[in-house]
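Asker: Structure in structure tokens, see below.
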Amino acid sequence: MTTSQAFDENVVIHKLKHYLPSQAPLKDFVHHNTLHAFQEQKFERGIRHASKSFGYKVSLSLSEYRTLFEKGKIKEEILERRIYERHQLSELLHWKHKVLNKIYSEEIPRKIGKIRALWKSKYHFDIDSVVHTNLFRILNSYLDQGISDVKFPIHNGSLISSIDYLEENTYVSLFKTKRARLLLKNFELGMKPLLEILVGNERYFEQYLIDQQFSHPGWSGLISEIELHPNSLLDTRSIQLKELVFLELVLEIDNLDHALGNSWQALGTIVDFDPIDILKDEEFTELDEVLTIWQEAYEWTYYDEVLAGVQQHDPPTSNPARPSFQAFFCIDDRECSVRRYIEKEDARAQTYSTPGHYGIDAFYQPLKGSFYTKICPVPVQPKYLIREVGIESHHKHQYSYIKPVQSFFKGWIITQTIGFWSAISLMFSILRPRLSNITSHSFEHMNRYSSLTVENRSPNHKIDHLQVGYNLKEMTDRVEAVLRSCGLQENFAPLVYIFGHGASSTNNTHYAAYDCGACSGRPGSVNSRSFCTMANHPEVREQLALRGLIIPKDTEFIGGLHDTTRDEFMFYDVGALSPENEKLHNLNVVKFERALKNNAKERSRRFATINTSKSAKKIHKKIKERSVSLFEPRPELNHATNTLCIIGRNGLNQNLFLDRRAFLNSYNYEIDRDGQFLIGIVNAAGPVCGGINLEYYFSRVDNEKLGAGSKLPHNVMGLIGVANGFEGDLRPGLPLQMIEAHNPLRLLMIIEHFPEVVLKVIQNNEHTYEWFKNEWVILAAINPETNEIEVFRDGRFFPYKTLTTEIPVIKDLSKLIESTDQDLPVFKLH
Amino acid sequence: MTSILSLFIIIPLVGFVISVIIPKQNESLISKVAFYTSGIQLLLALSFTVFWCFAGMPNVNIKKFTLYKSDHYEFFIDFFCDNISIVFLLMGALLTFLIANYSRFYLHREEGFKRFYNTILFFYLGYNITIFSGNFETLFMGWEVLGISSFLLIAYYRDRYLPVKNAFKVFSVYRIGDMAMILAMWMSHHIWHHNITFSELANAEVVYETVHQHSFEALFVAITIFIAATVKSAQFPFSSWLPRAMEGPTPSSAIFYSSLSVHIGVFVLLRTYPLWESQILVRVFIIAMGLLTAFMASRASKVQSSIKSQIAYSSVAQIGIIFIEIALGLEWLALLHFAGNAFLRTYQLLVSPSVVTFLIREQFFNPKISKTDVKRSKWANSLYVLSLKEWNLDSYLFHYLWKPFKTTGKKLNIIPNKLLLGILLALFALGCFAYSNSALFSHETQVLLPYIFSFIGLILVLKSFVERIHIRRSWLLIASNHAWIAMAISLNERFGFEHVALYLSGISIATVLGILVINNLIKKEPSVDLNSFYGHVYEYPGLAFLFLLACLSMSGFPITFTFLGVDLIFSHIHQDQLVLVCILSVSFILSGLSIIRIYARLFMGPHVKSYHSVSHRSA
């Protein structure tokens, strides 16, 4: 804050929007870098800056690192290597002592809250505890999406004018004093007059506002997000952060007047310190350096193993025989083990990974749905619409007693009748959980018996400016792009499976976070099915052949959905298969079943309530139960183990046990020498995987401030967010139960290509480049011809020599899985 | 039959004690203890009910044992069982069993897993004592256990600010109920001249006669009982505590605040029905208040935009109707309604996170888009605003109940402490002198002295309540209040010294223990005071536990003899000394608050040290 400059409220609002947590309403929960505001700085600097400005904890604590070191999870030689890469060799011992033994105070000094604390210290008035309850209540009532029965009267499409309208038309005011009621009318004068009253001295205005808004970052963040994307609410509202600030200032004056009468004056007259620039970066301390060394040593202890493993991969075998089938999955880290098990079930099968929207950039409208749902990555603005048509309505209005019944006569009848019924359903849901209307079930995203309008009938067929379906060229483009980017352009199997993925859970407010990120937090069934419709289209095949991509006549694509919570597959349009392929498919289904059961078993080692040594079949049953249990706060662990992103040919990691920690993206450099496909892949995978990874990272290291805390006391606010109890601030970030299994390591992206090509590719897009340049994602390139590894640092590639030489070989995977619930090192599978 | 009845208390007690002993890390054993405790209790309750039905649904009374007896006073524990107890027993056993199982998975890996189960079992113990109590004294024991376990469960997330603030808020409202209960006990001593048992109330003729002989006293008892019930069941004007109590893990909110705990008021009214049955005025009053609550709460629930508070207010509204049913004498209907309401609210709270899935799907397929610029009448808007502000109940409670005390307390700070200490010492000496040389004082003076001394006690509590800096001073002020009360009552009625000794026994232990803990804490953390929350339980859980014990004994919780002493002290106040009894009640309420305030400030709230993840104050 430059104190000499005059106060400009738009500048401050702009700053606030930049730094506030940007989390969408619950239904659109999508992972992103929690500290995106600091991304223009290098990771190690940016996170410390955030810490000093806002008091966040941004890494593990010294004692945690030191314990990891003692347990051997951080290797000594790696630690030393990190030290002498950052310091002179002569200072190694000096720094090593600091890192290992020196005692530091890890207290994070507070800048936030300083100025408004004066209300309490000078006037003994706890301003937040009076204002927040009312403020949140008004905001929540205004934005509510369906909890309350009597709605806030909305007037003129803005918060302030709605309140003003309500005030005009009531005998009881929302405010306590007359002055506040009058001040509310002056919204167009801005916040300056209000700040004059509260703060007085202009030099403190900015500090006061940042202080105020960061006393409830959850609500402020959500509102600046809704201001930006009003359509993220089904029942749309327009609201501005400016209105929130204005309202809060009025409420503050109101309550001060009410509680203190005339005996208070503006803070500027009693403040005894100079304005503090909250956003200013502070000095990078020795402790910061020590923590940075630890974090890097922690990361590289694992990276080093992985890089060694990747480097020692088997030479690619040319498989002349036609594969039995090919299966595509999303790059999602949860799909990495299921691919392994499928390949284990059938040595002739080939699996691939690519972002799970399969190039379908569209909105989806389910049958009888009143809205469109985006089913492609969040930044994409779709021009297409896919509609579900055909079958009879499957979404009936369900009568439910989940929502409390209010009118008291009706309530009186209902408590005495349905009340007892609820006892029975409660007993059942505790003793024998099963699918019900409160489960969010991935298979329900689209009905398997319906059909989709994938193909565009005429260019004029548009709804709300969206083209319904794709024309021939558009379909061909999409099919070609996916197949080529994965490196599949010949040797097609008779059956090619395209799997989307989704998750199922009950009693889970964050259900949207569990579905496919590439489909904007929805299950990927519409995408996989639409893609298959295109790829099976005879004319598309012809067009593809013209472009040199020849798919044999007998090859058929089957769309499917993998439920990652329940480990179940759903297949679409199986009836359309040729009789031969249908036979083959039935054989494959058996293999899939076994693979899924084994996958469930591997997942189960992370769940303390399942005994992993039981048979895969029994475990699978237990795993399915988790998704429908009311009392299961961890239906699945989502991305809790993510650490890696590998972009390259299958051979790179096929024989490595990576413990479900990797996002995989199939890619063959040979058909993309200049990296054209790679640009698309990196532009998608970098921010998406990086965002997921960093959201987990920050929610893990500071679960209270950057995460959502334990989900057990969460209360649903207006269907848009969760808060603790009755009057808490909204809690952005991930709840404790999602991140406790996570080890906070940055994402390591490994790309199989020549470093100079990779460099060109990442520099293609400025926003993507920032992730790598500032090391919010660590990048390594493996030269496909020499197998040498180079690591991207400070804007260029450096050769990297792994310290790990030998990767242990694992014979009996199930023994290994049963042995521990902790992260496992890299193993070779043979 | 009587031996089985006592099992219903013993099983939860044993379960609670075992669960306290088990080490914190052993999750599965802790949950097993809870499973077996609630499971065995449930089986026993079911079989007992069958047995009891075949026996012709008799009323069973067990006079258990006498804790203290003097010539005019007897404190005994007594148990009683009838259809009301049976319904509450079954509900309690079933819901606790379900919740115990539910939480086994739900709370898995939660930091306070053990603490949660300890508190649940402790609550369960208190619940069973309450529903089987055969007299007011026993009821009050259970009642106190419920109160303190409520506080602990609301403040389960003790490292955050809001749970602690709200736990304190709820506790302070509960405290009013406690005092109302003590007053009811006090007055009924004077009506019946002994500790009346609930089985005696079955004798309608005697009750009718006595009530009409002492019509004012009986009215007093009825009203105080009603206040106690109103507080516990979150009825008007105390409704606003219920939504604020939803701070703990969802299952605990479900079992406490939507089903068992919040219906204790219903139980108390049912239990004491014979006492006020014949007072038409009281019944009309209860019906009116029930209607009022039902109306206000159902309006409030309609505008709530958070799911848990919506459930809370819906429940309050139904309880209002249950109160009406009781006042109309429809006992079985009330019991049925209680069971239905308890089940429904438990279910709704447990599935409350699902509303997002369910309602967003509803919204997607059957949208209810809010219309803009809808014209609503001025009255409708006023009703909306009032409901949104929860009829201002929360702020009124603060404004009219607590704020006057705070302001008075602050005003008292003008007197220099040294001067005050001097005056107090002189007065205390005067009191001692008066006690031993009563002949020297005129009758009028003697009558006045108890008032003066108890009033001084009250002033000291007020000072303790508003103390911001000195922890020890605040603590000692509370302790000295008890000395003044003892003095006042000794002057009020001549009685043996052992009553005073009994009363002060727990207090003195508590005072010493408290001081030791505070000294120790100040040595470690010199900057600590009473001005904000410090959250020191994070580093010193042992000290925090010791201090909690000290606080409990200081506030007359049934772990020391002070518990008896309080009842005893009140029995020495004559039935026409309403002012004296009021002074004493207020000072008991305030000292309880002041005690918990010290505990909360020192040990709860966001930890003052920021080297680990500490939540925002607003979170």
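In the structure tokens, chains take the letters A, B, ... in the order shown, each chain's residues start at 1, and ligands count up from 1 in the order shown.
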Write down, as a ChimeraX atom specification, each residue of chain B that has any atom within 6 Å of an atom of chain A, counting only C-alpha atoms.

Answerer: /B:102,106,244,246-250,298,302-307,311,314,337,340-341,343-344,348,351,353-354,356,358,364-365,369,372-373,378,381-382,610-611,613-615,618-619

Asker: Which residues are near Gln312 in chain A? Cut-off 9 Å, only C-alpha atoms, ignore same chain within fewer than 5 positions. Put them as a PyMOL selection string.

Answerer: chain A and resi 307+652+787+807

Asker: List as a PyMOL selection string the protein and nucleic acid residues near range 573-578 of chain B, meaning an atom at most 12 Å away when only C-alpha atoms are counted, but skip any in the same chain fewer than 6 places from it.

Answerer: chain B and resi 183-193+214+216-218+220-221+447-448+450-451+454+485-486+488-495+566-567+584-585

Asker: Would you please extract all helix (DSSP H, G or I) residues from range 572-662 of chain A, as assigned by DSSP on the backbone, and give them as JSON, numbers by chain?

Answerer: {"A": [574, 575, 576, 579, 580, 581, 582, 583, 584, 585, 586, 587, 588, 589, 590, 591, 592, 593, 594, 595, 596, 597, 598, 599, 600, 601, 602, 603, 604, 616, 617, 618, 619, 620, 621, 622, 623, 624, 625, 626, 627, 628, 650, 651, 652]}

Asker: For Phe592 in chain A, work out the shell of residues within 8 Å, counting only C-alpha atoms and skipping chain neighbours fewer than 3 positions away, then give it as a PDB file with C-alpha atoms, in the first residue's frame.

Answerer:
ATOM      1  CA  ILE A 342      -6.530 -54.580 -16.550  1.00  0.00           C
ATOM      2  CA  GLU A 345      -5.668 -59.564 -16.419  1.00  0.00           C
ATOM      3  CA  PHE A 569     -18.014 -50.169 -14.689  1.00  0.00           C
ATOM      4  CA  ASN A 588     -13.781 -58.722 -21.349  1.00  0.00           C
ATOM      5  CA  VAL A 589     -16.413 -57.898 -18.786  1.00  0.00           C
ATOM      6  CA  ALA A 595      -9.459 -56.093 -12.267  1.00  0.00           C
ATOM      7  CA  LEU A 596     -11.941 -53.912 -10.394  1.00  0.00           C
TER       8      LEU A 596
END

Asker: Do you know which residues are at most 10 Å from Thr408 in chain B counting only C-alpha atoms, after dropping those on the same chain fewer than 2 positions away, and could you put them as a list in words?

Answerer: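 After dropping sequence-adjacent residues, the list is Lys403, Pro404, Phe405, Lys406, Lys410, Lys411, Leu412, Asn413, Ile459, Leu462, Lys463 and Val466 of chain B.
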
Asker: Residues as selected, C-alpha atoms, written as a compact mmCIF listing (two decimals), in the first residue's frame, can you do that?

Answerer:
# COMPACT_ATOMS: atom_id res chain seq x y z
CA LYS B 403 -25.65 -6.86 30.27
CA PRO B 404 -27.05 -5.28 33.48
CA PHE B 405 -24.78 -7.54 35.50
CA LYS B 406 -21.81 -6.66 33.39
CA LYS B 410 -17.87 -2.68 35.78
CA LYS B 411 -19.23 0.19 37.83
CA LEU B 412 -18.06 -1.57 40.94
CA ASN B 413 -14.53 -1.44 39.66
CA ILE B 459 -21.08 -7.99 44.56
CA LEU B 462 -20.06 -9.52 39.90
CA LYS B 463 -16.53 -8.26 40.29
CA VAL B 466 -16.07 -8.65 34.89

Asker: When you draw a straight line from CA of Leu587 in chain A to CA of Ser324 in chain A, how long is it in Å?

Answerer: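 A separation of 10.5 Å between them.
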
Asker: Please report the interatomic distance between CA of Phe428 in chain A and CA of Leu94 in chain B in Å with one decimal.

Answerer: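 For CA of Phe428 in chain A relative to CA of Leu94 in chain B, the distance reads 13.2 Å.
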
Asker: As JSON, numbers by chain, please: every residue in range 392-611 of chain A that DSSP puts in strand (DSSP E or B).

Answerer: {"A": [439, 440, 451, 452, 455, 462, 463, 466, 467, 468, 470, 495, 496, 497, 498, 499, 500, 501, 502, 505, 506, 516, 522, 556, 557, 558, 559, 560, 561, 562, 563, 568, 569, 570, 571]}

Asker: For Asn520 in chain B, find every residue with an atom within 12 Å (counting only C-alpha atoms), except residues of its own chain fewer than 3 positions away, and show them as a count of residues only.

Answerer: 17

Asker: Neighbours of Ile286 in chain B within 9 Å (only C-alpha atoms; same-chain residues fewer than 5 positions away dropped), as a list in words?

Answerer: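 After dropping sequence-adjacent residues, the list is Phe226, Leu281, Leu291, Phe323, Ile324, Ile326 and Ala327 of chain B.
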
Asker: Dump C-alpha atoms for the selected residues as an mmCIF file, in the first residue's frame?

Answerer:
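So the final result, stored in out30.cif, reads:
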data_model
loop_
_atom_site.group_PDB
_atom_site.id
_atom_site.type_symbol
_atom_site.label_atom_id
_atom_site.label_comp_id
_atom_site.auth_asym_id
_atom_site.auth_seq_id
_atom_site.Cartn_x
_atom_site.Cartn_y
_atom_site.Cartn_z
ATOM 1 C CA PHE B 226 -41.962 -24.396 33.909
ATOM 2 C CA LEU B 281 -53.901 -20.585 35.536
ATOM 3 C CA LEU B 291 -48.609 -21.531 21.126
ATOM 4 C CA PHE B 323 -46.032 -28.559 25.844
ATOM 5 C CA ILE B 324 -49.606 -27.728 24.896
ATOM 6 C CA ILE B 326 -49.094 -31.916 28.200
ATOM 7 C CA ALA B 327 -50.965 -28.949 29.584
#

Asker: Go through A:Gln676, A:Ser51, A:Glu636, A:Tyr358 one by one, measure the shortest atom-to-atom distance of each to Cys532 in chain A using only C-alpha atoms, and give the residue with the smallest value.

Answerer: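 Looking only at the distances to Cys532 in chain A, the closest residue turns out to be A:Tyr358.
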
Asker: Let me make sure I understand: among B:Ser505, B:Asn83, B:Ser199, B:Thr407, which one has the smallest atom-to-atom distance to Gly56 in chain B if we use only C-alpha atoms?

Answerer: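 Using only C-alpha atoms, the shortest distance to Gly56 in chain B belongs to B:Asn83.
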